[in-house]
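Engineer: Submitted below is the structure of interest, expressed as structure tokens.
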Amino acid sequence: MALPPIVRVKLSSEAAESISITPVVVREMPVRELVEYMLGVTGKDEARIRELLLRGSLVSGASRFRWTGWDAGLENLRELLATFPDPDPSRQFAATNCMRATLRGGRQPIEIARQAGVRKGLFQRESFWDALMKVISGAAPAYAGYSYRERADRYLREFTHAELGQLRAASGLVRYTILSDQIRTLAFTQAELYVKRGAKGQT
């Protein structure tokens with residue numbers, strides 16, 4: 001069966017405290033947008049996506065999507081999936097296109113959006129984001145795949161003991177007290193970096 005251009009989707013919250021009070025919202029959603037939510041859960045797994053389309057139900061993050069399921073034709077589904085990016089390990093890390101970093105390795109990940117990291121005080125020459133990218137540039141991050149949820153390539157970079165010290169020392173450059181305290185006090189060993197695609201091979 002051909003893929004319909006638009007799918008009537010019912011949206012509700014999966015958050016435990018919201019199940020009984022959040023109203024169901026009905027949206028006319030382009031099928032490509034619905035499949036993109038699936039890709040964030042399944043990757044380009046044709047069989048799983050066909051199963052979800054037939055089942056008519058998907059949980060993504062805190063949202064549940066429901067629709068009248070149908071049996072998607074494999075050829076049509078493959079044509080649609082071909083319009084989405086594929087992982088590309090040949091892509092070099094491009095600091096200028098890095099939009100978010102997550103510091104991992106401890107009990108709690110530390111999320112740093114670029115717009116938060118680049119903020120500087122009045123007489124501040126360097127931002128924490130500048131300091132982070134300077135440390136990252138010391139050794140090339142390893143390619144870790146493509147995130148359909150983030151619409152970005154993922155890279156991982158392990159820190160040396162000395163680099164961890166540099167980042168903790170630079171935590172005072174962060175303009176948000178809670179984030180600054182997290183970087184200074186919480187354990188982490190690596191950065192997960194999300195890079196929006198620019199020109200291939202851009203650094």
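We name chains A, B, ... following the order of the structure tokens; residues begin at 1 in each chain, and ligands are numbered from 1 as shown.
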Contacts of A:Leu58 at 9 Å or less, counting only C-alpha atoms, minus same-chain residues fewer than 6 places along, as a list in words?

Structural biologist: Tyr37, Met38, Leu52, Arg64, Phe65 and Arg66 of chain A

Engineer: Residues as selected, N, CA and C atoms, written as a PDB file, in the first residue's frame, can you do that?

Structural biologist:
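The resulting file, again14.pdb, is reproduced below:
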ATOM      1  N   TYR A  37      10.009  10.714  13.482  1.00  0.00           N
ATOM      2  CA  TYR A  37       9.924  10.371  14.903  1.00  0.00           C
ATOM      3  C   TYR A  37      10.296   8.903  15.113  1.00  0.00           C
ATOM      4  N   MET A  38       9.845   8.038  14.209  1.00  0.00           N
ATOM      5  CA  MET A  38      10.182   6.615  14.322  1.00  0.00           C
ATOM      6  C   MET A  38      11.675   6.382  14.188  1.00  0.00           C
ATOM      7  N   LEU A  52       5.572  -0.586  13.036  1.00  0.00           N
ATOM      8  CA  LEU A  52       4.986   0.548  13.761  1.00  0.00           C
ATOM      9  C   LEU A  52       3.864   1.188  12.955  1.00  0.00           C
ATOM     10  N   ARG A  64       2.975  10.079  23.132  1.00  0.00           N
ATOM     11  CA  ARG A  64       2.455   8.899  22.446  1.00  0.00           C
ATOM     12  C   ARG A  64       1.701   9.358  21.206  1.00  0.00           C
ATOM     13  N   PHE A  65       1.989   8.686  20.082  1.00  0.00           N
ATOM     14  CA  PHE A  65       1.337   8.966  18.806  1.00  0.00           C
ATOM     15  C   PHE A  65       0.466   7.761  18.459  1.00  0.00           C
ATOM     16  N   ARG A  66      -0.784   8.031  18.062  1.00  0.00           N
ATOM     17  CA  ARG A  66      -1.681   6.956  17.645  1.00  0.00           C
ATOM     18  C   ARG A  66      -2.376   7.349  16.354  1.00  0.00           C
TER      19      ARG A  66
END

Engineer: What residues in stretch 34-94 of chain A get the DSSP label strand (DSSP E or B)? Please answer as a PyMOL selection string.

Structural biologist: chain A and resi 57-60+63-66

Engineer: Neighbours of A:Ala139 within 10 Å (only C-alpha atoms; same-chain residues fewer than 2 positions away dropped), as a list of chain:residue names?

Structural biologist: A:Lys134, A:Val135, A:Ile136, A:Ser137, A:Pro141, A:Ala142, A:Arg157, A:Glu158, A:Phe159

Engineer: Suppose we keep N, CA and C atoms; can you now write the selection as a PDB file, in the first residue's frame?

Structural biologist:
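What follows is the written file selection28.pdb:
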ATOM      1  N   LYS A 134      38.392  24.129  22.421  1.00  0.00           N
ATOM      2  CA  LYS A 134      39.860  24.133  22.410  1.00  0.00           C
ATOM      3  C   LYS A 134      40.376  22.797  22.945  1.00  0.00           C
ATOM      4  N   VAL A 135      39.754  22.304  24.017  1.00  0.00           N
ATOM      5  CA  VAL A 135      40.138  21.000  24.551  1.00  0.00           C
ATOM      6  C   VAL A 135      39.820  19.896  23.548  1.00  0.00           C
ATOM      7  N   ILE A 136      38.629  19.953  22.962  1.00  0.00           N
ATOM      8  CA  ILE A 136      38.213  18.935  21.990  1.00  0.00           C
ATOM      9  C   ILE A 136      39.190  18.871  20.820  1.00  0.00           C
ATOM     10  N   SER A 137      39.707  20.019  20.403  1.00  0.00           N
ATOM     11  CA  SER A 137      40.599  20.065  19.241  1.00  0.00           C
ATOM     12  C   SER A 137      41.931  19.375  19.484  1.00  0.00           C
ATOM     13  N   PRO A 141      37.595  13.736  17.790  1.00  0.00           N
ATOM     14  CA  PRO A 141      36.543  12.888  18.354  1.00  0.00           C
ATOM     15  C   PRO A 141      36.230  11.717  17.421  1.00  0.00           C
ATOM     16  N   ALA A 142      35.747  10.627  17.982  1.00  0.00           N
ATOM     17  CA  ALA A 142      35.398   9.443  17.196  1.00  0.00           C
ATOM     18  C   ALA A 142      33.955   9.544  16.711  1.00  0.00           C
ATOM     19  N   ARG A 157      34.265  11.909  22.537  1.00  0.00           N
ATOM     20  CA  ARG A 157      35.641  12.334  22.830  1.00  0.00           C
ATOM     21  C   ARG A 157      35.944  12.060  24.301  1.00  0.00           C
ATOM     22  N   GLU A 158      36.877  11.125  24.557  1.00  0.00           N
ATOM     23  CA  GLU A 158      37.311  10.836  25.921  1.00  0.00           C
ATOM     24  C   GLU A 158      38.294  11.920  26.365  1.00  0.00           C
ATOM     25  N   PHE A 159      38.205  12.313  27.635  1.00  0.00           N
ATOM     26  CA  PHE A 159      39.093  13.333  28.178  1.00  0.00           C
ATOM     27  C   PHE A 159      40.234  12.703  28.966  1.00  0.00           C
TER      28      PHE A 159
END

Engineer: Suppose you want the space between atom CA of A:Glu192 and atom CA of A:Ala94; what is it in Å?

Structural biologist: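 Between these atoms lies a distance of 13.5 Å.
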
Engineer: Give me the residues near A:Val118 as a count of residues only, where near means some atom within 10 Å (using only C-alpha atoms) and where sequence neighbours in that chain fewer than 5 positions away do not count.

Structural biologist: 11

Engineer: Enumerate, in order of chain and increasing residue number, the residues of stretch 42-148 of chain A with an atom no farther than 8 Å from stretch 177-190 of chain A, each with its shortest atom pair and distance in Å to one decimal, counting only C-alpha atoms, as JSON lines.

Structural biologist:
{"residue": "A:Leu103", "atom": "CA", "partner": "A:Gln190", "partner_atom": "CA", "distance": 5.8}
{"residue": "A:Arg104", "atom": "CA", "partner": "A:Phe188", "partner_atom": "CA", "distance": 5.0}
{"residue": "A:Gly105", "atom": "CA", "partner": "A:Phe188", "partner_atom": "CA", "distance": 4.3}
{"residue": "A:Gly106", "atom": "CA", "partner": "A:Ala187", "partner_atom": "CA", "distance": 4.6}
{"residue": "A:Arg107", "atom": "CA", "partner": "A:Ala187", "partner_atom": "CA", "distance": 7.4}
{"residue": "A:Gln108", "atom": "CA", "partner": "A:Leu186", "partner_atom": "CA", "distance": 7.6}
{"residue": "A:Pro109", "atom": "CA", "partner": "A:Phe188", "partner_atom": "CA", "distance": 7.7}
{"residue": "A:Ile110", "atom": "CA", "partner": "A:Gln182", "partner_atom": "CA", "distance": 7.0}
{"residue": "A:Ile112", "atom": "CA", "partner": "A:Leu179", "partner_atom": "CA", "distance": 7.9}

Engineer: Excluding stretch 70-87 of chain A and its own-chain neighbours fewer than 5 positions away, which residues fall within 7 Å of it when counting only C-alpha atoms? Please give them as a PDB file with N, CA and C atoms, in the first residue's frame.

Structural biologist:
ATOM      1  N   MET A   1       0.848  -1.199   0.000  1.00  0.00           N
ATOM      2  CA  MET A   1       0.000   0.000   0.000  1.00  0.00           C
ATOM      3  C   MET A   1       0.880   1.244   0.000  1.00  0.00           C
ATOM      4  N   ALA A   2       0.505   2.239  -0.813  1.00  0.00           N
ATOM      5  CA  ALA A   2       1.271   3.481  -0.892  1.00  0.00           C
ATOM      6  C   ALA A   2       1.191   4.252   0.418  1.00  0.00           C
ATOM      7  N   LEU A   3       2.216   5.053   0.658  1.00  0.00           N
ATOM      8  CA  LEU A   3       2.223   5.879   1.862  1.00  0.00           C
ATOM      9  C   LEU A   3       1.327   7.090   1.662  1.00  0.00           C
ATOM     10  N   ARG A  50       7.865  -0.556   9.385  1.00  0.00           N
ATOM     11  CA  ARG A  50       6.634  -1.125   8.807  1.00  0.00           C
ATOM     12  C   ARG A  50       5.720  -1.643   9.910  1.00  0.00           C
ATOM     13  N   LEU A  53       4.056   1.345  11.650  1.00  0.00           N
ATOM     14  CA  LEU A  53       3.013   1.939  10.803  1.00  0.00           C
ATOM     15  C   LEU A  53       1.759   1.078  10.822  1.00  0.00           C
ATOM     16  N   LEU A  54       1.935  -0.238  10.819  1.00  0.00           N
ATOM     17  CA  LEU A  54       0.788  -1.148  10.853  1.00  0.00           C
ATOM     18  C   LEU A  54       0.128  -1.142  12.232  1.00  0.00           C
ATOM     19  N   GLY A 145      27.886   7.821  14.832  1.00  0.00           N
ATOM     20  CA  GLY A 145      26.615   7.599  14.158  1.00  0.00           C
ATOM     21  C   GLY A 145      25.822   8.868  13.934  1.00  0.00           C
ATOM     22  N   TYR A 146      24.639   8.701  13.335  1.00  0.00           N
ATOM     23  CA  TYR A 146      23.747   9.826  13.051  1.00  0.00           C
ATOM     24  C   TYR A 146      22.531   9.749  13.963  1.00  0.00           C
TER      25      TYR A 146
END

Engineer: Got a sec to tell me which of chain A DSSP assigns to alpha helix (DSSP H), as JSON, numbers by chain?

Structural biologist: {"A": [31, 32, 33, 34, 35, 36, 37, 38, 39, 40, 41, 42, 46, 47, 48, 49, 50, 51, 52, 53, 54, 55, 74, 75, 76, 77, 78, 79, 80, 81, 114, 115, 116, 117, 128, 129, 130, 131, 132, 133, 134, 135, 136, 161, 162, 163, 164, 165, 166, 167, 168, 169, 177, 178, 179, 180, 181, 182, 183, 184, 185]}

Engineer: Take the residues from that selection and put them in a file with C-alpha atoms, as a CSV table (one decimal), in the first residue's frame.

Structural biologist:
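Result saved to result-v1.csv:
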chain,number,residue,atom,x,y,z
A,31,VAL,CA,3.9,11.0,6.9
A,32,ARG,CA,7.5,12.0,6.6
A,33,GLU,CA,7.4,13.8,9.9
A,34,LEU,CA,5.8,10.8,11.6
A,35,VAL,CA,8.5,8.5,10.1
A,36,GLU,CA,11.2,10.9,11.3
A,37,TYR,CA,9.9,10.4,14.9
A,38,MET,CA,10.2,6.6,14.3
A,39,LEU,CA,13.7,6.9,13.0
A,40,GLY,CA,14.7,8.5,16.4
A,41,VAL,CA,13.6,5.2,18.0
A,42,THR,CA,14.4,2.6,15.4
A,46,GLU,CA,12.6,-1.1,7.6
A,47,ALA,CA,10.9,-4.0,9.3
A,48,ARG,CA,10.4,-2.2,12.6
A,49,ILE,CA,9.1,1.0,10.8
A,50,ARG,CA,6.6,-1.1,8.8
A,51,GLU,CA,5.5,-2.8,12.0
A,52,LEU,CA,5.0,0.5,13.8
A,53,LEU,CA,3.0,1.9,10.8
A,54,LEU,CA,0.8,-1.1,10.9
A,55,ARG,CA,0.4,-1.1,14.6
A,74,LEU,CA,8.2,-1.8,1.1
A,75,GLU,CA,9.2,-0.1,-2.1
A,76,ASN,CA,7.4,3.1,-1.1
A,77,LEU,CA,8.9,3.0,2.4
A,78,ARG,CA,12.4,2.6,1.0
A,79,GLU,CA,11.9,5.6,-1.3
A,80,LEU,CA,10.9,7.7,1.7
A,81,LEU,CA,13.7,6.4,3.9
A,114,ARG,CA,25.9,25.9,22.3
A,115,GLN,CA,23.9,29.1,23.0
A,116,ALA,CA,24.3,28.6,26.7
A,117,GLY,CA,28.0,27.8,26.5
A,128,PHE,CA,33.2,28.2,28.2
A,129,TRP,CA,32.2,26.9,24.8
A,130,ASP,CA,35.5,28.3,23.4
A,131,ALA,CA,37.4,26.5,26.2
A,132,LEU,CA,35.5,23.2,25.5
A,133,MET,CA,36.2,23.3,21.7
A,134,LYS,CA,39.9,24.1,22.4
A,135,VAL,CA,40.1,21.0,24.6
A,136,ILE,CA,38.2,18.9,22.0
A,161,HIS,CA,42.9,13.7,33.4
A,162,ALA,CA,44.6,17.0,32.5
A,163,GLU,CA,41.8,18.0,30.2
A,164,LEU,CA,39.2,17.3,32.9
A,165,GLY,CA,41.1,19.7,35.1
A,166,GLN,CA,41.1,22.4,32.3
A,167,LEU,CA,37.3,22.1,31.9
A,168,ARG,CA,36.6,22.3,35.6
A,169,ALA,CA,38.9,25.3,35.9
A,177,THR,CA,25.2,29.1,38.1
A,178,ILE,CA,23.7,25.6,38.1
A,179,LEU,CA,25.5,24.5,34.9
A,180,SER,CA,28.7,26.0,36.2
A,181,ASP,CA,28.4,24.1,39.4
A,182,GLN,CA,27.6,20.8,37.6
A,183,ILE,CA,30.7,21.1,35.4
A,184,ARG,CA,32.9,21.9,38.4
A,185,THR,CA,31.6,19.2,40.8

Engineer: Mind pulling up the distance from atom CA of A:Val9 to atom CA of A:Ser63?

Structural biologist: 11.7 Å

Engineer: Quick one, how far is atom CA of A:Ser171 from atom CA of A:Arg154?

Structural biologist: 23.5 Å
